[in-house]
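Student: I am sharing upload_17.txt, which consists of compact mmCIF, N, CA and C atoms:
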# COMPACT_ATOMS: atom_id res chain seq x y z
N MET V 1 61.78 -7.74 8.16
CA MET V 1 62.82 -6.94 7.53
C MET V 1 62.16 -5.75 6.85
N THR V 2 62.74 -4.61 7.00
CA THR V 2 62.25 -3.40 6.36
C THR V 2 63.30 -2.92 5.36
N PHE V 3 62.83 -2.64 4.18
CA PHE V 3 63.72 -2.12 3.15
C PHE V 3 63.67 -0.60 3.18
N PRO V 4 64.82 0.03 3.13
CA PRO V 4 64.83 1.49 3.16
C PRO V 4 64.28 2.07 1.85
N ALA V 5 63.58 3.17 1.98
CA ALA V 5 63.07 3.86 0.80
C ALA V 5 64.26 4.47 0.05
N THR V 6 64.24 4.37 -1.25
CA THR V 6 65.32 4.94 -2.05
C THR V 6 64.73 5.80 -3.16
N THR V 7 65.50 6.72 -3.59
CA THR V 7 65.17 7.51 -4.77
C THR V 7 66.27 7.24 -5.77
N GLU V 8 65.96 6.40 -6.73
CA GLU V 8 66.97 6.02 -7.72
C GLU V 8 67.12 7.12 -8.77
N VAL V 9 68.35 7.47 -9.04
CA VAL V 9 68.64 8.44 -10.08
C VAL V 9 68.84 7.69 -11.39
N ILE V 10 68.07 8.07 -12.39
CA ILE V 10 68.19 7.41 -13.69
C ILE V 10 69.42 8.00 -14.39
N PRO V 11 70.33 7.15 -14.84
CA PRO V 11 71.59 7.63 -15.43
C PRO V 11 71.44 8.11 -16.87
N LEU V 12 70.60 9.13 -17.05
CA LEU V 12 70.41 9.71 -18.38
C LEU V 12 70.72 11.20 -18.31
N ARG V 13 71.29 11.70 -19.38
CA ARG V 13 71.56 13.13 -19.47
C ARG V 13 71.32 13.57 -20.91
N GLN V 14 70.92 14.81 -21.06
CA GLN V 14 70.71 15.35 -22.40
C GLN V 14 71.91 16.22 -22.74
N ASP V 15 72.53 15.95 -23.89
CA ASP V 15 73.71 16.73 -24.28
C ASP V 15 73.29 18.05 -24.92
N GLU V 16 74.27 18.83 -25.32
CA GLU V 16 74.01 20.16 -25.88
C GLU V 16 73.19 20.11 -27.17
N ALA V 17 73.19 19.00 -27.86
CA ALA V 17 72.40 18.85 -29.09
C ALA V 17 71.00 18.31 -28.82
N GLY V 18 70.71 18.03 -27.55
CA GLY V 18 69.39 17.51 -27.19
C GLY V 18 69.28 16.00 -27.25
N ILE V 19 70.40 15.33 -27.45
CA ILE V 19 70.41 13.87 -27.54
C ILE V 19 70.58 13.30 -26.14
N VAL V 20 69.75 12.32 -25.79
CA VAL V 20 69.81 11.70 -24.47
C VAL V 20 70.84 10.59 -24.49
N ARG V 21 71.78 10.69 -23.56
CA ARG V 21 72.88 9.73 -23.46
C ARG V 21 72.85 9.07 -22.08
N VAL V 22 73.46 7.89 -22.00
CA VAL V 22 73.49 7.13 -20.76
C VAL V 22 74.71 7.55 -19.94
N ALA V 23 74.43 7.97 -18.71
CA ALA V 23 75.46 8.38 -17.76
C ALA V 23 76.42 9.36 -18.43
N GLU V 24 77.69 9.19 -18.21
CA GLU V 24 78.69 10.09 -18.80
C GLU V 24 79.31 9.49 -20.06
N THR V 25 78.59 8.58 -20.70
CA THR V 25 79.09 7.95 -21.91
C THR V 25 78.53 8.65 -23.14
N ARG V 26 78.97 8.22 -24.30
CA ARG V 26 78.42 8.73 -25.56
C ARG V 26 77.32 7.82 -26.09
N VAL V 27 77.02 6.75 -25.36
CA VAL V 27 75.98 5.80 -25.77
C VAL V 27 74.61 6.47 -25.60
N THR V 28 73.80 6.39 -26.65
CA THR V 28 72.50 7.06 -26.61
C THR V 28 71.41 6.17 -26.02
N LEU V 29 70.39 6.84 -25.51
CA LEU V 29 69.20 6.13 -25.04
C LEU V 29 68.64 5.30 -26.18
N ASP V 30 68.64 5.87 -27.37
CA ASP V 30 68.13 5.16 -28.56
C ASP V 30 68.81 3.81 -28.73
N SER V 31 70.14 3.80 -28.59
CA SER V 31 70.91 2.57 -28.79
C SER V 31 70.50 1.49 -27.80
N VAL V 32 70.34 1.87 -26.56
CA VAL V 32 69.96 0.89 -25.53
C VAL V 32 68.55 0.38 -25.77
N VAL V 33 67.63 1.29 -26.05
CA VAL V 33 66.23 0.88 -26.26
C VAL V 33 66.10 0.00 -27.49
N TRP V 34 66.73 0.39 -28.59
CA TRP V 34 66.63 -0.43 -29.81
C TRP V 34 67.25 -1.81 -29.61
N ALA V 35 68.35 -1.88 -28.89
CA ALA V 35 68.96 -3.19 -28.62
C ALA V 35 68.02 -4.03 -27.76
N PHE V 36 67.42 -3.42 -26.76
CA PHE V 36 66.48 -4.14 -25.88
C PHE V 36 65.27 -4.60 -26.67
N ARG V 37 64.71 -3.71 -27.48
CA ARG V 37 63.56 -4.08 -28.32
C ARG V 37 63.92 -5.19 -29.29
N GLY V 38 65.18 -5.23 -29.70
CA GLY V 38 65.64 -6.25 -30.63
C GLY V 38 65.92 -7.59 -29.98
N GLY V 39 65.70 -7.66 -28.66
CA GLY V 39 65.86 -8.93 -27.97
C GLY V 39 67.14 -9.09 -27.18
N ALA V 40 67.98 -8.06 -27.16
CA ALA V 40 69.24 -8.16 -26.40
C ALA V 40 68.96 -8.08 -24.91
N THR V 41 69.68 -8.87 -24.15
CA THR V 41 69.57 -8.81 -22.69
C THR V 41 70.41 -7.64 -22.18
N PRO V 42 70.17 -7.21 -20.95
CA PRO V 42 71.01 -6.15 -20.39
C PRO V 42 72.50 -6.52 -20.43
N GLU V 43 72.80 -7.78 -20.17
CA GLU V 43 74.20 -8.22 -20.21
C GLU V 43 74.78 -8.09 -21.61
N GLU V 44 73.99 -8.45 -22.62
CA GLU V 44 74.45 -8.33 -24.01
C GLU V 44 74.64 -6.85 -24.40
N ILE V 45 73.74 -6.00 -23.92
CA ILE V 45 73.86 -4.57 -24.22
C ILE V 45 75.13 -4.01 -23.57
N ALA V 46 75.37 -4.37 -22.32
CA ALA V 46 76.58 -3.91 -21.63
C ALA V 46 77.84 -4.43 -22.33
N ALA V 47 77.79 -5.63 -22.85
CA ALA V 47 78.94 -6.18 -23.58
C ALA V 47 79.13 -5.45 -24.91
N ARG V 48 78.04 -5.08 -25.54
CA ARG V 48 78.09 -4.37 -26.82
C ARG V 48 78.67 -2.96 -26.66
N TYR V 49 78.39 -2.35 -25.51
CA TYR V 49 78.85 -0.99 -25.21
C TYR V 49 79.67 -1.03 -23.92
N PRO V 50 80.95 -1.33 -24.01
CA PRO V 50 81.78 -1.53 -22.82
C PRO V 50 81.88 -0.33 -21.88
N THR V 51 81.53 0.87 -22.36
CA THR V 51 81.58 2.03 -21.47
C THR V 51 80.38 2.07 -20.52
N LEU V 52 79.38 1.23 -20.78
CA LEU V 52 78.20 1.20 -19.92
C LEU V 52 78.39 0.26 -18.75
N ARG V 53 77.92 0.66 -17.61
CA ARG V 53 77.87 -0.24 -16.46
C ARG V 53 76.58 -1.05 -16.56
N LEU V 54 76.64 -2.30 -16.18
CA LEU V 54 75.46 -3.16 -16.25
C LEU V 54 74.31 -2.58 -15.43
N SER V 55 74.61 -2.02 -14.27
CA SER V 55 73.55 -1.43 -13.43
C SER V 55 72.88 -0.26 -14.15
N ASP V 56 73.65 0.51 -14.93
CA ASP V 56 73.06 1.61 -15.69
C ASP V 56 72.14 1.09 -16.78
N VAL V 57 72.53 0.02 -17.43
CA VAL V 57 71.68 -0.58 -18.47
C VAL V 57 70.36 -1.03 -17.86
N TYR V 58 70.42 -1.71 -16.72
CA TYR V 58 69.19 -2.12 -16.04
C TYR V 58 68.33 -0.92 -15.67
N SER V 59 68.95 0.15 -15.18
CA SER V 59 68.20 1.35 -14.80
C SER V 59 67.51 1.98 -16.01
N VAL V 60 68.23 2.05 -17.11
CA VAL V 60 67.67 2.66 -18.32
C VAL V 60 66.52 1.81 -18.85
N ILE V 61 66.67 0.51 -18.85
CA ILE V 61 65.59 -0.38 -19.31
C ILE V 61 64.39 -0.25 -18.38
N SER V 62 64.64 -0.20 -17.10
CA SER V 62 63.54 -0.02 -16.14
C SER V 62 62.81 1.30 -16.41
N TYR V 63 63.57 2.36 -16.62
CA TYR V 63 62.98 3.66 -16.94
C TYR V 63 62.14 3.55 -18.21
N TYR V 64 62.68 2.91 -19.23
CA TYR V 64 61.95 2.74 -20.48
C TYR V 64 60.64 1.99 -20.25
N LEU V 65 60.68 0.92 -19.47
CA LEU V 65 59.47 0.14 -19.23
C LEU V 65 58.42 0.91 -18.43
N HIS V 66 58.87 1.81 -17.57
CA HIS V 66 57.95 2.62 -16.77
C HIS V 66 57.49 3.87 -17.51
N GLN V 67 58.27 4.34 -18.45
CA GLN V 67 57.98 5.58 -19.17
C GLN V 67 57.95 5.35 -20.68
N THR V 68 57.34 4.26 -21.09
CA THR V 68 57.35 3.87 -22.50
C THR V 68 56.83 4.97 -23.42
N GLU V 69 55.72 5.58 -23.05
CA GLU V 69 55.14 6.61 -23.91
C GLU V 69 56.09 7.80 -24.08
N THR V 70 56.70 8.22 -22.99
CA THR V 70 57.63 9.34 -23.05
C THR V 70 58.85 9.01 -23.90
N VAL V 71 59.41 7.82 -23.68
CA VAL V 71 60.61 7.42 -24.44
C VAL V 71 60.25 7.21 -25.90
N ASP V 72 59.11 6.59 -26.18
CA ASP V 72 58.71 6.39 -27.57
C ASP V 72 58.49 7.72 -28.29
N ALA V 73 57.95 8.71 -27.59
CA ALA V 73 57.78 10.05 -28.18
C ALA V 73 59.14 10.65 -28.50
N TYR V 74 60.08 10.50 -27.59
CA TYR V 74 61.45 10.99 -27.83
C TYR V 74 62.07 10.28 -29.04
N LEU V 75 61.89 8.96 -29.11
CA LEU V 75 62.47 8.20 -30.23
C LEU V 75 61.85 8.63 -31.56
N ARG V 76 60.54 8.90 -31.58
CA ARG V 76 59.90 9.39 -32.81
C ARG V 76 60.47 10.76 -33.19
N GLN V 77 60.68 11.60 -32.20
CA GLN V 77 61.26 12.92 -32.43
C GLN V 77 62.67 12.79 -33.02
N GLN V 78 63.46 11.86 -32.49
CA GLN V 78 64.81 11.64 -33.00
C GLN V 78 64.78 11.10 -34.43
N GLU V 79 63.84 10.19 -34.71
CA GLU V 79 63.72 9.64 -36.06
C GLU V 79 63.37 10.74 -37.05
N ALA V 80 62.48 11.65 -36.66
CA ALA V 80 62.10 12.77 -37.52
C ALA V 80 63.29 13.70 -37.74
N ARG V 81 64.06 13.93 -36.69
CA ARG V 81 65.26 14.77 -36.79
C ARG V 81 66.27 14.18 -37.77
N VAL V 82 66.50 12.88 -37.67
CA VAL V 82 67.45 12.19 -38.56
C VAL V 82 66.93 12.22 -40.00
N ALA V 83 65.62 12.00 -40.18
CA ALA V 83 65.05 12.04 -41.53
C ALA V 83 65.20 13.42 -42.14
N ASN V 84 65.03 14.45 -41.33
CA ASN V 84 65.19 15.83 -41.82
C ASN V 84 66.64 16.09 -42.22
N ILE V 85 67.57 15.66 -41.40
CA ILE V 85 69.00 15.83 -41.73
C ILE V 85 69.33 15.09 -43.02
N ARG V 86 68.78 13.89 -43.17
CA ARG V 86 69.02 13.11 -44.39
C ARG V 86 68.49 13.85 -45.62
N ARG V 87 67.28 14.43 -45.50
CA ARG V 87 66.71 15.18 -46.64
C ARG V 87 67.58 16.37 -47.01
N VAL V 88 68.05 17.10 -46.00
CA VAL V 88 68.90 18.27 -46.25
C VAL V 88 70.19 17.83 -46.96
N LEU V 89 70.80 16.75 -46.49
CA LEU V 89 72.03 16.28 -47.11
C LEU V 89 71.82 15.79 -48.54
N GLU V 90 70.68 15.14 -48.78
CA GLU V 90 70.39 14.66 -50.13
C GLU V 90 70.16 15.81 -51.10
N VAL V 91 69.59 16.91 -50.59
CA VAL V 91 69.40 18.08 -51.45
C VAL V 91 70.75 18.70 -51.77
N ARG V 92 71.60 18.80 -50.76
CA ARG V 92 72.94 19.39 -50.96
C ARG V 92 73.84 18.50 -51.80
N HIS V 93 73.73 17.21 -51.61
CA HIS V 93 74.61 16.24 -52.27
C HIS V 93 73.73 15.17 -52.91
N ASP V 94 73.19 15.48 -54.07
CA ASP V 94 72.28 14.58 -54.76
C ASP V 94 72.91 13.20 -54.96
N PRO V 95 72.30 12.14 -54.35
CA PRO V 95 72.88 10.81 -54.47
C PRO V 95 72.67 10.16 -55.85
N ALA V 96 71.75 10.71 -56.63
CA ALA V 96 71.48 10.13 -57.95
C ALA V 96 72.72 10.23 -58.83
N GLY V 97 73.12 9.14 -59.39
CA GLY V 97 74.26 9.11 -60.30
C GLY V 97 75.61 9.21 -59.63
N ILE V 98 75.66 9.03 -58.33
CA ILE V 98 76.93 9.19 -57.62
C ILE V 98 77.98 8.18 -58.09
N ARG V 99 77.56 6.96 -58.38
CA ARG V 99 78.52 5.95 -58.85
C ARG V 99 79.17 6.41 -60.15
N ASP V 100 78.33 6.90 -61.07
CA ASP V 100 78.87 7.37 -62.36
C ASP V 100 79.82 8.54 -62.17
N ARG V 101 79.45 9.48 -61.29
CA ARG V 101 80.33 10.64 -61.05
C ARG V 101 81.67 10.21 -60.43
N LEU V 102 81.61 9.26 -59.50
CA LEU V 102 82.85 8.79 -58.88
C LEU V 102 83.74 8.06 -59.89
N LEU V 103 83.12 7.25 -60.72
CA LEU V 103 83.89 6.55 -61.76
C LEU V 103 84.49 7.54 -62.75
N ALA V 104 83.73 8.57 -63.11
CA ALA V 104 84.24 9.58 -64.05
C ALA V 104 85.45 10.31 -63.45
N ARG V 105 85.37 10.63 -62.15
CA ARG V 105 86.51 11.30 -61.49
C ARG V 105 87.75 10.41 -61.49
N ARG V 106 87.51 9.12 -61.31
CA ARG V 106 88.61 8.17 -61.26
C ARG V 106 89.16 7.87 -62.65
N GLY V 107 88.41 8.24 -63.66
CA GLY V 107 88.86 8.00 -65.02
C GLY V 107 88.41 6.65 -65.56
N GLY V 108 87.52 5.98 -64.84
CA GLY V 108 87.07 4.67 -65.29
C GLY V 108 85.67 4.69 -65.82
N GLY V 109 85.11 5.86 -66.08
CA GLY V 109 83.72 5.95 -66.50
C GLY V 109 83.59 5.98 -67.93
Write out the structure in this file as structure tokens.
Tutor:
Amino acid sequence: MTFPATTEVIPLRQDEAGIVRVAETRVTLDSVVWAFRGGATPEEIAARYPTLRLSDVYSVISYYLHQTETVDAYLRQQEARVANIRRVLEVRHDPAGIRDRLLARRGGG
């Protein structure tokens, strides 16, 4: 028996913000990889994100296992991006004393 050669298309796309998403869903590569790293099976990941096809989850995990360094670099980049956004928001909206300010607005402070 001879198996035909195939070129599998990995169901990943980068959106306008630079975030990698699975197929035409809003589910991120990060979400699938973190779930997989956390011990979730492809079936559990597909159940957690009903917009994902099980075959796409397997493809993404396969891609991750073959391109671990590339995906890990992307994940580090995303973590840095989120940390930067968090810092900007904390500067704009100082979280220190927020409980007291909210209680004072409500009149219970």
Student: Box in all listed atoms of stretch 20-25 of chain V, axis-aligned, with 3 Å more on each side; write out centre and edge lengths in Å to one decimal as JSON.
Tutor:
{"center_x": 74.5, "center_y": 9.7, "center_z": -21.8, "size_x": 15.6, "size_y": 11.2, "size_z": 14.0}
Student: Please return, as a list in words, all residues of stretch 8-78 of chain V that DSSP assigns to strand (DSSP E or B) on the basis of the backbone.
Tutor: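 Residues meeting the strand (DSSP E or B) criterion: Leu12, Arg13, Gln14, Val20, Arg21, Val22 and Thr28 of chain V.
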Student: Enumerate the residues of chain V with a DSSP assignment of helix (DSSP H, G or I), computed from the backbone, and present them as JSON, numbers by chain.
Tutor: {"V": [29, 30, 31, 32, 33, 34, 35, 36, 37, 42, 43, 44, 45, 46, 47, 48, 54, 55, 56, 57, 58, 59, 60, 61, 62, 63, 64, 65, 66, 68, 69, 70, 71, 72, 73, 74, 75, 76, 77, 78, 79, 80, 81, 82, 83, 84, 85, 86, 87, 88, 89, 90, 91, 92, 98, 99, 100, 101, 102, 103, 104, 105, 106]}
Student: In file coordinates, which residues lie within 7 Å of (68.7, -5.9, -14.3) using only C-alpha atoms, given as a PDB file with N, CA and C atoms, in the frame of the given file?
Tutor:
ATOM      1  N   PRO V  42      70.170  -7.210 -20.950  1.00  0.00           N
ATOM      2  CA  PRO V  42      71.010  -6.150 -20.390  1.00  0.00           C
ATOM      3  C   PRO V  42      72.500  -6.520 -20.430  1.00  0.00           C
ATOM      4  N   SER V  55      74.610  -2.020 -14.270  1.00  0.00           N
ATOM      5  CA  SER V  55      73.550  -1.430 -13.430  1.00  0.00           C
ATOM      6  C   SER V  55      72.880  -0.260 -14.150  1.00  0.00           C
ATOM      7  N   TYR V  58      70.420  -1.710 -16.720  1.00  0.00           N
ATOM      8  CA  TYR V  58      69.190  -2.120 -16.040  1.00  0.00           C
ATOM      9  C   TYR V  58      68.330  -0.920 -15.670  1.00  0.00           C
TER      10      TYR V  58
END
Student: State, in Å with one decimal place, the distance from atom CA of V:Glu43 to atom CA of V:Tyr63.
Tutor: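 Atom-to-atom, atom CA of V:Glu43 to atom CA of V:Tyr63, that is 16.7 Å.
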Student: May I ask for the distance between atom N of V:Val60 and atom N of V:Pro11, given in Å to one decimal place?
Tutor: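 Separating atom N of V:Val60 from atom N of V:Pro11 is a distance of 6.0 Å.
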Student: Atom N of V:Ile19 and atom N of V:Val82, how far apart in Å?
Tutor: 11.2 Å
Student: For V:Val33, which of V:Thr7, V:Thr2, V:Ser59, V:Asn84 is the closest residue, counting only C-alpha atoms?
Tutor: V:Ser59
Student: Find the residue from V:Val22, V:Leu102, V:Val91, V:Ala80 that sits nearest to V:Asp56; use only N, CA and C atoms when measuring.
Tutor: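 When distances to V:Asp56 are compared using only N, CA and C atoms, the smallest one comes from V:Val22.
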Student: Calculated over only C-alpha atoms, which of the candidates V:Ala5, V:Val20, V:Ile98, V:Leu103 has the smallest distance to V:Val32?
Tutor: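 Among the listed residues, V:Val20 lies closest to V:Val32.
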Student: Taking N, CA, C and O atoms as the atom set, what does stretch 56-82 of chain V look like once completed, written as a short mmCIF file (atom, residue, chain, number, x, y, z; two decimals), keeping the file's coordinate frame?
Tutor:
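Result file is result_39.cif:
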data_model
loop_
_atom_site.label_atom_id
_atom_site.label_comp_id
_atom_site.auth_asym_id
_atom_site.auth_seq_id
_atom_site.Cartn_x
_atom_site.Cartn_y
_atom_site.Cartn_z
N ASP V 56 73.65 0.51 -14.93
CA ASP V 56 73.06 1.61 -15.69
C ASP V 56 72.14 1.09 -16.78
O ASP V 56 71.08 1.67 -17.04
N VAL V 57 72.53 0.02 -17.43
CA VAL V 57 71.68 -0.58 -18.47
C VAL V 57 70.36 -1.03 -17.86
O VAL V 57 69.28 -0.73 -18.40
N TYR V 58 70.42 -1.71 -16.72
CA TYR V 58 69.19 -2.12 -16.04
C TYR V 58 68.33 -0.92 -15.67
O TYR V 58 67.11 -0.93 -15.83
N SER V 59 68.95 0.15 -15.18
CA SER V 59 68.20 1.35 -14.80
C SER V 59 67.51 1.98 -16.01
O SER V 59 66.35 2.40 -15.92
N VAL V 60 68.23 2.05 -17.11
CA VAL V 60 67.67 2.66 -18.32
C VAL V 60 66.52 1.81 -18.85
O VAL V 60 65.47 2.34 -19.24
N ILE V 61 66.67 0.51 -18.85
CA ILE V 61 65.59 -0.38 -19.31
C ILE V 61 64.39 -0.25 -18.38
O ILE V 61 63.24 -0.19 -18.84
N SER V 62 64.64 -0.20 -17.10
CA SER V 62 63.54 -0.02 -16.14
C SER V 62 62.81 1.30 -16.41
O SER V 62 61.58 1.36 -16.43
N TYR V 63 63.57 2.36 -16.62
CA TYR V 63 62.98 3.66 -16.94
C TYR V 63 62.14 3.55 -18.21
O TYR V 63 61.00 4.03 -18.26
N TYR V 64 62.68 2.91 -19.23
CA TYR V 64 61.95 2.74 -20.48
C TYR V 64 60.64 1.99 -20.25
O TYR V 64 59.59 2.40 -20.75
N LEU V 65 60.68 0.92 -19.47
CA LEU V 65 59.47 0.14 -19.23
C LEU V 65 58.42 0.91 -18.43
O LEU V 65 57.22 0.69 -18.61
N HIS V 66 58.87 1.81 -17.57
CA HIS V 66 57.95 2.62 -16.77
C HIS V 66 57.49 3.87 -17.51
O HIS V 66 56.43 4.42 -17.20
N GLN V 67 58.27 4.34 -18.45
CA GLN V 67 57.98 5.58 -19.17
C GLN V 67 57.95 5.35 -20.68
O GLN V 67 58.46 6.17 -21.45
N THR V 68 57.34 4.26 -21.09
CA THR V 68 57.35 3.87 -22.50
C THR V 68 56.83 4.97 -23.42
O THR V 68 57.43 5.27 -24.45
N GLU V 69 55.72 5.58 -23.05
CA GLU V 69 55.14 6.61 -23.91
C GLU V 69 56.09 7.80 -24.08
O GLU V 69 56.27 8.31 -25.19
N THR V 70 56.70 8.22 -22.99
CA THR V 70 57.63 9.34 -23.05
C THR V 70 58.85 9.01 -23.90
O THR V 70 59.26 9.79 -24.76
N VAL V 71 59.41 7.82 -23.68
CA VAL V 71 60.61 7.42 -24.44
C VAL V 71 60.25 7.21 -25.90
O VAL V 71 61.00 7.64 -26.79
N ASP V 72 59.11 6.59 -26.18
CA ASP V 72 58.71 6.39 -27.57
C ASP V 72 58.49 7.72 -28.29
O ASP V 72 58.85 7.86 -29.46
N ALA V 73 57.95 8.71 -27.59
CA ALA V 73 57.78 10.05 -28.18
C ALA V 73 59.14 10.65 -28.50
O ALA V 73 59.34 11.25 -29.57
N TYR V 74 60.08 10.50 -27.59
CA TYR V 74 61.45 10.99 -27.83
C TYR V 74 62.07 10.28 -29.04
O TYR V 74 62.68 10.91 -29.90
N LEU V 75 61.89 8.96 -29.11
CA LEU V 75 62.47 8.20 -30.23
C LEU V 75 61.85 8.63 -31.56
O LEU V 75 62.57 8.76 -32.57
N ARG V 76 60.54 8.90 -31.58
CA ARG V 76 59.90 9.39 -32.81
C ARG V 76 60.47 10.76 -33.19
O ARG V 76 60.72 11.03 -34.37
N GLN V 77 60.68 11.60 -32.20
CA GLN V 77 61.26 12.92 -32.43
C GLN V 77 62.67 12.79 -33.02
O GLN V 77 63.03 13.50 -33.96
N GLN V 78 63.46 11.86 -32.49
CA GLN V 78 64.81 11.64 -33.00
C GLN V 78 64.78 11.10 -34.43
O GLN V 78 65.58 11.50 -35.27
N GLU V 79 63.84 10.19 -34.71
CA GLU V 79 63.72 9.64 -36.06
C GLU V 79 63.37 10.74 -37.05
O GLU V 79 63.92 10.79 -38.16
N ALA V 80 62.48 11.65 -36.66
CA ALA V 80 62.10 12.77 -37.52
C ALA V 80 63.29 13.70 -37.74
O ALA V 80 63.52 14.18 -38.86
N ARG V 81 64.06 13.93 -36.69
CA ARG V 81 65.26 14.77 -36.79
C ARG V 81 66.27 14.18 -37.77
O ARG V 81 66.80 14.86 -38.63
N VAL V 82 66.50 12.88 -37.67
CA VAL V 82 67.45 12.19 -38.56
C VAL V 82 66.93 12.22 -40.00
O VAL V 82 67.70 12.47 -40.93
#
